[in-house]
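Asks: Here you go, this is target02.cif (mmCIF, C-alpha atoms).
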data_target
loop_
_atom_site.label_atom_id
_atom_site.label_comp_id
_atom_site.auth_asym_id
_atom_site.auth_seq_id
_atom_site.Cartn_x
_atom_site.Cartn_y
_atom_site.Cartn_z
CA MET A 1 -20.22 9.45 -3.91
CA SER A 2 -18.56 9.77 -0.56
CA GLU A 3 -14.96 10.75 -0.05
CA PRO A 4 -12.69 8.47 -2.06
CA ALA A 5 -11.27 5.78 0.14
CA TYR A 6 -7.72 6.28 -1.00
CA VAL A 7 -7.63 9.71 0.54
CA ARG A 8 -7.73 8.10 3.93
CA LEU A 9 -5.68 5.11 2.93
CA MET A 10 -2.82 7.00 1.46
CA GLU A 11 -2.73 10.23 3.44
CA PRO A 12 -2.28 9.82 7.16
CA PRO A 13 -3.94 12.47 9.25
CA PRO A 14 -1.62 15.18 10.45
CA GLU A 15 -1.92 14.54 14.18
CA GLN A 16 -0.19 11.14 14.26
CA SER A 17 0.99 9.05 11.35
CA ASP A 18 0.07 5.41 10.98
CA ALA A 19 3.71 4.46 11.40
CA GLU A 20 3.88 6.33 14.71
CA VAL A 21 0.78 4.55 15.96
CA VAL A 22 2.16 1.18 14.91
CA ARG A 23 5.44 1.88 16.71
CA GLN A 24 3.51 2.87 19.81
CA VAL A 25 1.47 -0.34 19.79
CA LEU A 26 4.52 -2.49 19.20
CA ALA A 27 6.24 -0.75 22.10
CA GLY A 28 3.49 -2.10 24.33
CA ASP A 29 0.80 0.59 24.26
CA ARG A 30 -2.13 -1.66 23.46
CA ASP A 31 -4.65 1.15 23.72
CA ALA A 32 -2.95 3.05 20.91
CA TYR A 33 -4.41 0.48 18.54
CA ARG A 34 -7.75 2.20 19.11
CA VAL A 35 -6.50 4.98 16.83
CA LEU A 36 -6.23 2.55 13.95
CA VAL A 37 -9.60 1.01 14.75
CA ARG A 38 -11.22 4.43 14.57
CA ARG A 39 -9.22 5.49 11.55
CA TYR A 40 -10.02 2.48 9.40
CA GLY A 41 -13.05 0.83 10.99
CA ASP A 42 -15.63 2.63 8.86
CA LEU A 43 -13.73 2.06 5.64
CA LEU A 44 -13.32 -1.64 6.36
CA TYR A 45 -16.92 -2.03 7.41
CA ARG A 46 -18.22 -0.32 4.30
CA HIS A 47 -16.10 -2.53 2.08
CA ALA A 48 -17.35 -5.65 3.84
CA LEU A 49 -20.91 -4.47 3.24
CA ARG A 50 -20.22 -3.69 -0.38
CA MET A 51 -18.74 -7.12 -0.91
CA GLY A 52 -22.24 -8.33 -0.23
CA GLY A 53 -22.19 -8.79 3.50
CA SER A 54 -25.12 -8.19 5.80
CA PRO A 55 -24.41 -5.75 8.66
CA ASP A 56 -23.93 -8.68 11.05
CA VAL A 57 -21.48 -10.47 8.78
CA ALA A 58 -19.64 -7.25 7.93
CA SER A 59 -19.21 -6.45 11.64
CA GLU A 60 -17.92 -9.93 12.33
CA LEU A 61 -15.43 -9.83 9.45
CA VAL A 62 -14.14 -6.39 10.40
CA GLN A 63 -13.75 -7.41 14.02
CA ARG A 64 -11.77 -10.47 13.00
CA ALA A 65 -9.63 -8.45 10.61
CA LEU A 66 -8.79 -5.82 13.21
CA VAL A 67 -7.97 -8.36 15.90
CA ARG A 68 -5.84 -10.35 13.48
CA GLY A 69 -4.15 -7.12 12.43
CA TYR A 70 -3.25 -6.41 16.02
CA GLN A 71 -1.90 -9.91 16.61
CA ARG A 72 0.21 -9.76 13.47
CA LEU A 73 1.13 -6.10 13.61
CA ASP A 74 4.84 -6.82 13.90
CA GLY A 75 4.57 -8.48 10.50
CA CYS A 76 3.33 -5.32 8.80
CA ARG A 77 6.23 -4.47 6.54
CA ASP A 78 5.18 -0.92 5.74
CA PRO A 79 3.63 0.71 8.83
CA GLU A 80 3.00 3.90 6.87
CA ARG A 81 0.45 1.93 4.91
CA VAL A 82 -1.01 -0.12 7.71
CA GLY A 83 -4.49 0.80 6.45
CA ALA A 84 -3.88 -0.96 3.16
CA TRP A 85 -2.45 -3.90 5.07
CA LEU A 86 -5.55 -4.15 7.26
CA PHE A 87 -7.68 -3.82 4.16
CA ARG A 88 -5.96 -6.81 2.64
CA ILE A 89 -6.53 -8.91 5.73
CA LEU A 90 -10.21 -8.03 5.54
CA SER A 91 -10.31 -8.75 1.85
CA ASN A 92 -8.95 -12.24 2.36
CA LEU A 93 -11.44 -12.92 5.14
CA ALA A 94 -14.31 -11.57 3.04
CA LEU A 95 -13.38 -13.65 0.02
CA ASP A 96 -13.09 -16.75 2.17
CA HIS A 97 -16.50 -15.99 3.59
CA VAL A 98 -18.09 -15.47 0.20
CA ARG A 99 -16.69 -18.79 -0.97
CA SER A 100 -17.76 -20.60 2.16
CA PRO A 101 -20.64 -23.00 1.62
CA ARG A 102 -21.88 -22.04 5.07
CA ARG A 103 -22.14 -18.37 4.20
CA ARG A 104 -25.37 -16.67 4.94
CA ASP A 105 -27.01 -15.46 1.82
CA LEU A 106 -25.90 -12.00 1.04
CA ALA A 107 -27.35 -9.72 -1.50
CA LEU A 108 -28.31 -6.22 -2.25
CA ASP A 109 -31.63 -6.71 -0.51
CA ALA A 110 -29.60 -6.31 2.66
CA LEU A 111 -28.87 -2.79 1.57
CA PRO A 112 -30.82 0.16 2.85
CA ASP A 113 -33.34 1.79 0.57
CA LEU A 114 -32.28 4.76 -1.41
CA PRO A 115 -33.04 8.06 0.23
CA ALA A 116 -35.93 9.62 -1.61
CA GLY A 117 -38.38 12.33 -0.85
CA ALA A 118 -41.72 11.12 -2.04
CA PRO A 119 -41.16 8.79 -4.95
CA THR A 120 -43.91 8.28 -7.40
CA PRO A 121 -45.13 4.70 -7.84
CA GLU A 122 -43.52 4.63 -11.25
CA ALA A 123 -40.18 5.78 -9.87
CA GLU A 124 -40.41 3.27 -7.08
CA THR A 125 -41.12 0.48 -9.53
CA ALA A 126 -38.23 1.53 -11.75
CA ARG A 127 -35.91 1.65 -8.78
CA THR A 128 -36.96 -1.77 -7.60
CA GLU A 129 -36.49 -3.18 -11.05
CA PHE A 130 -33.06 -1.61 -11.34
CA ARG A 131 -32.07 -2.97 -7.97
CA GLU A 132 -33.17 -6.47 -8.90
CA ARG A 133 -31.34 -6.39 -12.19
CA LEU A 134 -28.23 -5.00 -10.52
CA GLU A 135 -28.40 -7.72 -7.91
CA GLY A 136 -28.68 -10.34 -10.62
CA ALA A 137 -25.73 -8.91 -12.53
CA LEU A 138 -23.51 -8.68 -9.44
CA ALA A 139 -24.44 -12.21 -8.45
CA ARG A 140 -22.89 -13.48 -11.66
CA LEU A 141 -19.50 -12.05 -10.78
CA THR A 142 -16.77 -13.98 -9.08
CA PRO A 143 -15.80 -12.60 -5.67
CA GLU A 144 -12.57 -11.29 -7.17
CA GLN A 145 -14.40 -9.50 -9.97
CA ARG A 146 -16.87 -7.98 -7.56
CA GLU A 147 -14.10 -6.82 -5.28
CA ALA A 148 -12.14 -5.22 -8.11
CA PHE A 149 -15.29 -3.55 -9.42
CA VAL A 150 -16.26 -2.20 -6.01
CA LEU A 151 -12.79 -0.84 -5.34
CA LYS A 152 -12.54 0.77 -8.77
CA HIS A 153 -16.01 2.11 -9.43
CA VAL A 154 -17.54 2.43 -5.97
CA GLU A 155 -14.60 3.29 -3.74
CA GLY A 156 -12.96 5.26 -6.54
CA LEU A 157 -9.47 3.82 -6.17
CA ARG A 158 -6.91 3.87 -8.93
CA TYR A 159 -5.74 0.55 -10.31
CA GLU A 160 -2.25 1.12 -8.96
CA GLU A 161 -3.66 1.60 -5.47
CA ILE A 162 -5.83 -1.49 -5.71
CA GLY A 163 -2.91 -3.51 -7.00
CA ALA A 164 -0.69 -2.35 -4.16
CA MET A 165 -3.34 -3.30 -1.63
CA MET A 166 -4.36 -6.61 -3.10
CA GLY A 167 -1.06 -7.77 -4.56
CA VAL A 168 -2.62 -8.16 -8.01
CA SER A 169 -1.21 -6.79 -11.25
CA VAL A 170 -2.93 -3.85 -12.93
CA PRO A 171 -3.68 -5.79 -16.15
CA ALA A 172 -5.30 -8.55 -14.11
CA LEU A 173 -7.38 -6.00 -12.22
CA LYS A 174 -8.46 -4.30 -15.44
CA MET A 175 -9.59 -7.63 -16.77
CA ARG A 176 -11.65 -8.33 -13.67
CA VAL A 177 -13.28 -4.91 -13.79
CA GLN A 178 -13.92 -5.30 -17.49
CA ARG A 179 -15.71 -8.60 -16.87
CA ALA A 180 -17.78 -6.94 -14.18
CA ARG A 181 -18.77 -4.10 -16.50
CA GLU A 182 -19.76 -6.61 -19.14
CA ALA A 183 -22.07 -8.20 -16.62
CA LEU A 184 -23.61 -4.80 -15.93
CA ARG A 185 -23.92 -3.86 -19.55
CA GLU A 186 -27.50 -5.05 -19.73
CA LEU A 187 -28.36 -2.24 -17.33
CA LEU A 188 -26.89 0.38 -19.62
CA GLU A 189 -30.13 0.79 -21.52
CA VAL A 190 -31.68 2.27 -18.39
CA TYR A 191 -29.30 5.20 -18.63
CA ALA A 192 -28.76 5.33 -22.37
CA MET B 193 -18.00 -2.19 -25.52
CA ASN B 194 -16.89 -5.54 -26.80
CA GLY B 195 -14.42 -6.75 -24.22
CA ASP B 196 -11.45 -5.54 -26.22
CA ALA B 197 -8.93 -4.03 -23.82
CA LYS B 198 -8.28 -1.28 -26.36
CA ASP B 199 -11.91 -0.28 -26.62
CA PRO B 200 -11.86 3.51 -26.10
CA VAL B 201 -14.86 3.54 -23.77
CA SER B 202 -13.26 0.89 -21.60
CA ARG B 203 -10.07 2.89 -21.53
CA TYR B 204 -12.06 5.94 -20.52
CA LEU B 205 -13.77 4.00 -17.74
CA ASP B 206 -10.40 2.68 -16.63
CA GLY B 207 -9.14 6.25 -16.38
CA ASP B 208 -6.67 5.84 -19.23
CA LEU B 209 -8.43 8.14 -21.68
CA SER B 210 -10.18 11.48 -21.29
CA ARG B 211 -13.75 11.94 -22.42
CA GLU B 212 -12.59 14.56 -24.90
CA ALA B 213 -10.54 11.92 -26.68
CA LEU B 214 -13.66 9.91 -27.47
CA ALA B 215 -15.62 10.07 -30.70
CA PRO B 216 -19.15 11.54 -30.39
CA GLY B 217 -20.87 8.14 -30.35
CA GLU B 218 -18.39 6.82 -27.83
CA ARG B 219 -18.95 9.88 -25.70
CA ASP B 220 -22.67 9.14 -25.48
CA GLU B 221 -21.90 5.60 -24.37
CA ALA B 222 -19.36 6.86 -21.86
CA GLU B 223 -21.92 9.25 -20.38
CA ALA B 224 -24.44 6.43 -20.11
CA TRP B 225 -21.84 4.38 -18.27
CA ASP B 226 -21.11 7.28 -15.92
CA ARG B 227 -24.80 7.55 -15.08
CA LEU B 228 -25.11 3.82 -14.61
CA LEU B 229 -22.09 3.65 -12.31
CA GLU B 230 -23.46 6.57 -10.31
CA GLY B 231 -26.67 4.58 -9.96
CA VAL B 232 -24.70 1.56 -8.80
CA ARG B 233 -22.87 3.68 -6.22
CA ALA B 234 -26.17 4.99 -4.97
CA GLN B 235 -27.27 1.41 -4.37
CA MET B 236 -24.18 0.56 -2.38
CA PRO B 237 -24.30 1.00 1.36
CA ALA B 238 -22.35 3.83 2.91
CA ALA B 239 -22.97 3.04 6.54
CA SER B 240 -20.46 3.58 9.31
CA ALA B 241 -19.26 0.75 11.50
CA PRO B 242 -21.48 0.25 14.55
CA ARG B 243 -20.18 2.02 17.64
CA TRP B 244 -19.89 -1.21 19.60
CA LEU B 245 -17.39 -2.62 17.14
CA GLU B 246 -14.55 -0.56 18.59
CA GLN B 247 -15.30 -1.76 22.10
CA ARG B 248 -15.43 -5.36 20.99
CA VAL B 249 -12.15 -5.15 19.14
CA MET B 250 -10.38 -3.45 22.02
CA ALA B 251 -11.81 -5.95 24.50
CA GLU B 252 -10.66 -8.86 22.38
CA ILE B 253 -7.14 -7.56 21.86
CA GLY B 254 -7.00 -6.89 25.58
CA ARG B 255 -7.16 -10.65 26.03
CA ALA B 256 -4.78 -11.43 23.16
CA PRO B 257 -1.02 -11.66 23.53
CA ALA B 258 0.79 -8.54 22.44
CA PRO B 259 2.33 -8.63 18.98
CA SER B 260 5.95 -9.54 19.28
CA PRO B 261 8.50 -11.00 16.87
CA LEU B 262 9.92 -13.10 19.74
CA ARG B 263 6.51 -14.58 20.49
CA ARG B 264 6.00 -15.43 16.85
CA LEU B 265 9.44 -16.96 16.68
CA TRP B 266 8.68 -19.04 19.75
CA THR B 267 5.37 -20.18 18.27
CA TRP B 268 7.15 -21.15 15.10
CA LEU B 269 9.91 -23.00 16.91
CA THR B 270 7.49 -24.99 19.05
CA ARG B 271 5.22 -26.12 16.24
CA PRO B 272 5.16 -29.90 16.02
CA LEU B 273 6.60 -31.94 13.18
CA PRO B 274 8.06 -29.18 11.08
CA LEU B 275 9.55 -29.96 7.73
CA ARG B 276 10.42 -27.35 5.19
CA VAL B 277 10.87 -28.35 1.61
CA SER B 278 11.00 -24.94 0.05
CA PRO B 279 11.89 -22.38 2.65
CA LEU B 280 11.91 -18.81 1.51
CA ALA B 281 15.10 -18.19 3.42
CA ALA B 282 16.74 -21.41 4.40
CA GLY B 283 18.73 -21.07 7.57
CA LEU B 284 21.64 -23.08 8.85
CA ALA B 285 19.48 -24.77 11.43
CA ALA B 286 17.07 -26.01 8.82
CA ALA B 287 19.90 -27.29 6.69
CA ALA B 288 21.37 -29.13 9.65
CA VAL B 289 18.07 -30.83 10.43
CA ALA B 290 17.72 -31.72 6.78
CA ALA B 291 21.05 -33.43 6.77
CA LEU B 292 20.13 -35.49 9.80
CA ALA B 293 16.73 -36.48 8.58
CA LEU B 294 17.18 -37.08 4.91
CA VAL B 295 20.60 -38.49 4.43
CA GLY B 296 19.46 -42.08 4.95
CA GLU B 297 18.81 -43.34 1.43
CA GLY B 298 21.12 -40.98 -0.37
CA LEU B 299 18.31 -39.02 -1.95
CA LEU B 300 19.62 -35.69 -0.87
CA PRO B 301 22.17 -33.75 -2.84
CA ALA B 302 25.62 -34.59 -1.68
CA ARG B 303 26.30 -31.38 0.19
CA GLY B 304 22.91 -30.43 1.58
CA GLY B 305 21.93 -28.24 -1.29
CA ASP B 306 18.29 -29.18 -0.73
CA PRO B 307 17.30 -26.86 2.11
CA ALA B 308 14.86 -29.20 3.77
CA SER B 309 14.21 -30.50 7.21
CA ALA B 310 12.14 -33.46 8.23
CA SER B 311 10.66 -35.32 11.09
CA GLY B 312 8.32 -38.24 11.17
CA THR B 313 7.22 -41.35 13.00
CA ALA B 314 7.74 -45.07 12.79
CA THR B 315 4.59 -45.33 10.67
CA ALA B 316 6.67 -44.14 7.72
CA THR B 317 4.59 -41.06 7.23
CA VAL B 318 6.51 -37.83 6.98
CA PHE B 319 4.83 -34.51 7.45
CA VAL B 320 6.05 -32.02 4.91
CA GLN B 321 5.44 -28.34 5.29
CA PHE B 322 5.03 -26.63 1.95
CA VAL B 323 5.59 -22.91 1.60
CA LEU B 324 4.81 -20.63 -1.32
CA GLU B 325 5.00 -16.88 -1.41
CA ALA B 326 2.07 -15.79 -3.56
CA PRO B 327 0.85 -12.36 -2.41
CA GLY B 328 -1.85 -12.00 -5.04
CA ALA B 329 -3.30 -15.46 -4.71
CA ARG B 330 -6.81 -16.19 -3.48
CA SER B 331 -6.09 -19.83 -2.87
CA VAL B 332 -3.05 -22.07 -3.01
CA ALA B 333 -2.94 -25.83 -2.93
CA VAL B 334 -0.25 -28.40 -3.53
CA GLY B 335 -0.67 -31.42 -5.71
CA GLY B 336 1.58 -34.08 -7.08
CA ASP B 337 2.00 -37.74 -7.73
CA PHE B 338 0.87 -38.36 -4.14
CA ASP B 339 -2.69 -37.17 -4.85
CA GLY B 340 -2.99 -37.86 -8.56
CA TRP B 341 -2.27 -34.19 -9.32
CA GLN B 342 -5.60 -33.15 -7.88
CA GLY B 343 -4.20 -30.25 -5.87
CA SER B 344 -6.19 -31.54 -2.95
CA HIS B 345 -3.98 -30.24 -0.13
CA THR B 346 -4.83 -26.61 0.46
CA LEU B 347 -2.38 -24.18 1.99
CA ASP B 348 -3.35 -21.37 4.33
CA ASP B 349 -2.38 -17.75 4.67
CA PRO B 350 -4.06 -16.87 7.95
CA ASP B 351 -2.40 -13.51 8.43
CA GLY B 352 -2.83 -12.40 4.86
CA ASP B 353 0.85 -11.69 4.29
CA GLY B 354 0.96 -13.65 1.07
CA VAL B 355 2.98 -16.55 2.46
CA TRP B 356 0.94 -19.74 2.13
CA THR B 357 1.82 -22.78 4.18
CA GLY B 358 0.40 -26.21 4.76
CA ARG B 359 1.48 -29.54 6.11
CA VAL B 360 0.95 -32.70 4.10
CA PRO B 361 1.55 -36.31 5.22
CA LEU B 362 3.63 -38.17 2.66
CA ARG B 363 5.20 -41.56 2.31
CA PRO B 364 8.97 -41.82 2.04
CA GLY B 365 10.24 -41.76 -1.51
CA VAL B 366 10.69 -39.27 -4.31
CA HIS B 367 7.67 -37.13 -5.07
CA ALA B 368 6.94 -34.69 -7.86
CA TYR B 369 4.73 -31.77 -6.97
CA MET B 370 3.56 -28.31 -8.02
CA PHE B 371 1.50 -25.58 -6.46
CA LEU B 372 -1.99 -24.87 -7.74
CA VAL B 373 -2.74 -21.15 -7.48
CA ASP B 374 -6.34 -19.88 -7.58
CA GLY B 375 -7.50 -23.32 -8.58
CA ALA B 376 -6.25 -22.88 -12.11
CA GLU B 377 -2.56 -22.10 -12.46
CA TRP B 378 0.10 -24.72 -11.77
CA VAL B 379 3.25 -23.09 -10.46
CA THR B 380 6.65 -24.70 -10.03
CA ASP B 381 8.14 -24.29 -6.60
CA PRO B 382 10.63 -21.47 -7.15
CA HIS B 383 12.79 -22.74 -4.31
CA ALA B 384 12.99 -26.35 -5.37
CA GLN B 385 16.45 -27.72 -5.92
CA ARG B 386 15.51 -30.52 -8.27
CA TRP B 387 12.99 -30.78 -11.06
CA SER B 388 11.69 -33.13 -13.67
CA ASP B 389 10.13 -32.27 -17.02
CA ASP B 390 6.40 -33.00 -17.01
CA GLY B 391 6.32 -33.51 -20.76
CA PHE B 392 4.12 -30.44 -21.26
CA GLY B 393 6.82 -27.82 -21.05
CA ASN B 394 6.63 -27.36 -17.29
CA ARG B 395 8.92 -28.46 -14.53
CA ASN B 396 7.72 -30.47 -11.58
CA ALA B 397 9.61 -29.91 -8.37
CA LEU B 398 11.06 -33.05 -6.84
CA LEU B 399 11.05 -33.86 -3.17
CA ALA B 400 13.04 -36.72 -1.68
CA LEU B 401 12.01 -38.20 1.65
CA THR B 402 13.57 -41.02 3.57
CA ASP B 403 11.87 -43.10 6.21
CA PRO B 404 12.78 -41.32 9.43
CA SER B 405 12.35 -44.53 11.39
CA VAL B 406 15.12 -46.28 9.47
#
Show how you would write the structure in this file as C-alpha cells.
Replies:
Amino acid sequence: MSEPAYVRLMEPPPEQSDAEVVRQVLAGDRDAYRVLVRRYGDLLYRHALRMGGSPDVASELVQRALVRGYQRLDGCRDPERVGAWLFRILSNLALDHVRSPRRRDLALDALPDLPAGAPTPEAETARTEFRERLEGALARLTPEQREAFVLKHVEGLRYEEIGAMMGVSVPALKMRVQRAREALRELLEVYA
Amino acid sequence: MNGDAKDPVSRYLDGDLSREALAPGERDEAEAWDRLLEGVRAQMPAASAPRWLEQRVMAEIGRAPAPSPLRRLWTWLTRPLPLRVSPLAAGLAAAAVAALALVGEGLLPARGGDPASASGTATATVFVQFVLEAPGARSVAVGGDFDGWQGSHTLDDPDGDGVWTGRVPLRPGVHAYMFLVDGAEWVTDPHAQRWSDDGFGNRNALLALTDPSV
C-alpha cells in the first residue's frame, strides 16, 4: 500500500503550512493556490478513481473540486485542514456523480492491470476471476459504503479522521464499512 | 463475521482490537481478511493526477473572481426573492423584512419571534428559502403538506460546507414541513419557532405565509 493519505492530510509539509498558503491566496496571490493543487491533486485524483471513476471522470471531478475550493476558500473554517475540506468538496461531487443517471459506467475494468512479471495462465485466470468477483461485490455497495470502505481499508485512514472529513459519526462509518466487508465476505475463501 | 458490531474480528478490522487479543480461530479469519484487503488494495488504482490538470485548474481560477467574503455577501444580498424561514443566525435586517412581509393576516408571532423574511408577487405565490445545516448529509429535501409529504423539493449544498438551501414556491397560508435527510430520515427544523405534533411522536415545523400582494 502506498503512503497513508492521512499523513499528507494531517501533517502539513514544513516549508509552508496550509494555513499560510490559504492566507496568501485570500490576500490576493492567486498563483499561491498552485501549492494546494500540487499538494492535494494526486490524493484527490486517486480517491476519485477509487470511487469508481474513469480517468476522464476523475480528472473532471478533481478539476471542479479544486476550482470550487478556490472560489469558496474564504469559507474554509479551518485553513490548517484545507486538504480535508477540499476532500469533502470532492466527495460530495463524486457522490453526486455516482448517483447521477447520466453517469458514465464506472467499474474496476477501468483500472489498470496488476503489475506482474510473467503470470502463468492459471494465475491470470485466478486474478481475472478475483477482479470480476470484487467488481460485483463493490457494485452492490451504496456510494456511501464504498467511500467509507475505500477511506478505511484502501487509504488507511482512521475512523476519526474520516468522520472529521466527511462530517459523519464514527458509529455510522463503522456500520458502512461493516456492510461493505459483508459484501466482500464471499471473496474471503480465496484467501482463507 | 456475522454483522454483530461486537464481533472480535470486526473490531480487529476496525482497529479497535489487536490481533493478539483474538482467539486462534478468529486469528486465522483475521489473517484471511488482511490478505483479502491487501488484494483489494492491489486492485485499486494508485495513479497520479495527469500533469495537465494543474494547468487547467490554474487557468480556470485565473478567469474566476477571487474569493472574498464581500463578494459572497454581495452575491447573497442581490439574490432575487429571498425568504428565510429558518435562518441559522437571524439578523435584524431579516427580522425587519419579516415584519413587513408577514404581518398581514396576523400569522406571525406578536413580536417578530419568527425570524423570517418574505417577498412574492401578485400571483399569490411566495418563494420560501429553506435552510438546514446538515454537515454529514448526502442529500436534503423539504417536504410538507404542500407536496403530500413527498420530500420532493431538494436542497443544494454547492460548496460542500454542510449548509443546504433551496427555494420553494408556496401558497399563502400555514404550512407544516420537515426536512428529509438522505432520503430516509425526517428531521424537524431546529430553528422553527412553531410546531405541531404529527401524531407519531415527531414535531412538524409550522410556517405562516401571508399573501404579499394584499
Asks: Give me, as a PyMOL selection string, the contact residues of chain A against chain B at a cut-off of 7 Å, counting all atoms listed in the file.
Replies: chain A and resi 1+26+34+37+41-42+45-46+49-50+59+63+66-68+70-74+88-89+92+111-112+114+153-154+166-168+178+188+191-192
Asks: Report as a list in words the full result of the PyMOL selection byres ((chain B and resi 366) around 9) when it is applied to this structure.
Replies: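 Applying the expression gives Leu299, Arg363, Pro364, Gly365, His367, Ala368, Leu398, Leu399, Ala400, Leu401 and Thr402 of chain B.
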Asks: Do you know which residues the PyMOL selection byres ((chain B and resi 337-341) around 9) returns on this file, as a list in words?
Replies: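 That selection, the PyMOL selection byres ((chain B and resi 337-341) around 9), comes back as Val334, Gly335, Gly336, Gln342, Gly343, Ser344, His345, Leu362, Arg363, His367, Ala368, Tyr369 and Met370 of chain B.
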Asks: Report, in Å to a single decimal, how far apart CA of Glu182 in chain A and CA of Trp378 in chain B are.
Replies: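 Result for CA of Trp378 in chain B versus CA of Glu182 in chain A: 27.9 Å, one decimal.
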Asks: Rounded to one decimal, what separation in Å do you get between CA of Asp18 in chain A and CA of Arg39 in chain A?
Replies: 9.3 Å
